[in-house]
Structures are given as structure tokens and as C-alpha cells.
Amino acid sequence: MDSQTNQEQVLSTVRSFWKAFCGSNPVSLAEFYSPEAVLFGVEGPRPEPVRLAMARRQREYFEHRSQLRIDLGPIEVQLLSPTLALATYTLSFHATNVAVAGGQPRERQIPHGRATQIFELGRDGKLLIVHEHLSSSDIRKE
């Protein structure tokens, strides 16, 4: 297929990704990732395969009906090749009723988050995340 990635497609995919995340729909969220994707979470000490990261997100955010809110900053897109794109942006994330190991649900705030996502265009014309790195200059758990 002769499809090429374009900037608007990447911007739309980033926004749709966070809409799915905040909509607490793990099935929809998983569809944004390549099965071989590798993710660095905000608090993760090492990279995780997407399957493990999705299981953790399911447990923390989706099983306990967390309330999630995201505010995205400007999204910068670099087209690396006809089928690869890099999106970098800042974000503010707030979640209530987050499940934590061995304790009561808590609040999670990431006021100064940063995201880097690498997208690959599939043969079907859909962009999939092949690498994601989320970080923060400060994390506050309550």
C-alpha cells in the first residue's frame, strides 16, 4: 500500500488515544498499540511490553471506575519516514479512585507530564504506537 503518515493523522490519533484512556475502555485503548510495543510508564523503573502495561492500567484505572482527566499541551509531530512519526507533547493528568497495591484507592496527579510516542503506519492505514515514554517532572500521590 502507498499510504503515508501525515501530521494531521498523528494529531488525531494522539487525541483519540487519550479519549480512549480517559473513557476507561481497555479494549479500545489496546487497539492503539502494536502487539510488539514497548512502554515506559511515568513511574516505571524499566520498559514494559504493552501486554504487561495494559494489565497494570486495567488494574489501576479501569477496574475501580477511576475518574480520569487529561489536558494536552501543544503536540509536536515529526515525520521520520513515510510510515513512522514521532509525537512529543506535555500533559496534565488527574485521576481519582486509582487502585494501589495493598491499600485504599488514591488520587494521582501528574501536573507536568511529558509524552513521547512513536507511531508506525500499518498496511491497513492505521497508526499504531510502537514505543511510548511517559514522564513527569513531579508526581504527587494522595
# chains A, B, ... in the order shown; residues from 1 in each chain; ligands from 1

$ residues_around --residues "segment 30-44 of chain A" --least-positions-apart "6" --cutoff "8 Å" --atoms "only C-alpha atoms" --output "JSON, numbers by chain"
{"A": [17, 50, 51, 53, 54, 127, 128, 129, 130, 131, 132, 133, 134, 135, 136]}

$ residues_around --residues "Arg108 of chain A" --least-positions-apart "6" --cutoff "12 Å" --atoms "only C-alpha atoms" --output "PyMOL selection string"
chain A and resi 42-43+60-61+66-70+92-100+138-142

$ closest_atom_pairs --of "segment 97-126 of chain A" --to "segment 73-76 of chain A" --cutoff "12 Å" --atoms "only C-alpha atoms" --output "JSON lines"
{"residue": "A:Pro111", "atom": "CA", "partner": "A:Gly73", "partner_atom": "CA", "distance": 11.4}
{"residue": "A:His112", "atom": "CA", "partner": "A:Gly73", "partner_atom": "CA", "distance": 10.0}
{"residue": "A:Gly113", "atom": "CA", "partner": "A:Gly73", "partner_atom": "CA", "distance": 9.6}
{"residue": "A:Arg114", "atom": "CA", "partner": "A:Gly73", "partner_atom": "CA", "distance": 9.2}
{"residue": "A:Ala115", "atom": "CA", "partner": "A:Ile75", "partner_atom": "CA", "distance": 9.4}
{"residue": "A:Thr116", "atom": "CA", "partner": "A:Glu76", "partner_atom": "CA", "distance": 9.7}
{"residue": "A:Gln117", "atom": "CA", "partner": "A:Glu76", "partner_atom": "CA", "distance": 10.7}
{"residue": "A:Ile118", "atom": "CA", "partner": "A:Glu76", "partner_atom": "CA", "distance": 11.9}

$ select_by_dssp --residues "segment 8-125 of chain A" --states "strand (DSSP E)" --output "number ranges by chain"
A: 33-40, 48-49, 67-81, 84-98, 106-121

$ select_by_dssp --residues "chain A" --states "alpha helix (DSSP H)" --output "PyMOL selection string"
chain A and resi 7-22+26-30+50-57

$ residues_around --residues "Ser12 of chain A" --least-positions-apart "6" --cutoff "12 Å" --atoms "only C-alpha atoms" --output "list in words"
Thr5, Asn6, Trp18, Lys19, Phe32, Ile75, Val77, Ala87, Lys126 and Leu127 of chain A

$ closest_residue --among "A:Asn25, A:Gln58, A:Thr90, A:Gln4" --to "Leu72 of chain A" --atoms "only C-alpha atoms"
A:Thr90

$ closest_residue --among "A:Ala101, A:Phe62, A:Leu52, A:Leu79" --to "Phe21 of chain A" --atoms "only C-alpha atoms"
A:Phe62

$ closest_residue --among "A:Thr83, A:Gln104, A:Thr88, A:Gln78" --to "Glu120 of chain A" --atoms "only C-alpha atoms"
A:Thr83

$ atom_distance --atom1 "atom CA of Val10 of chain A" --atom2 "atom CA of Ser24 of chain A"
21.5 Å

$ atom_distance --atom1 "atom CA of Leu29 of chain A" --atom2 "atom CA of Tyr89 of chain A"
18.8 Å

$ closest_residue --among "A:Asp124, A:Phe119, A:Glu107, A:Asp71" --to "Cys22 of chain A" --atoms "only C-alpha atoms"
A:Asp71

$ closest_residue --among "A:Ala20, A:Leu91, A:Ile110, A:Leu86" --to "Gln7 of chain A" --atoms "only C-alpha atoms"
A:Leu86
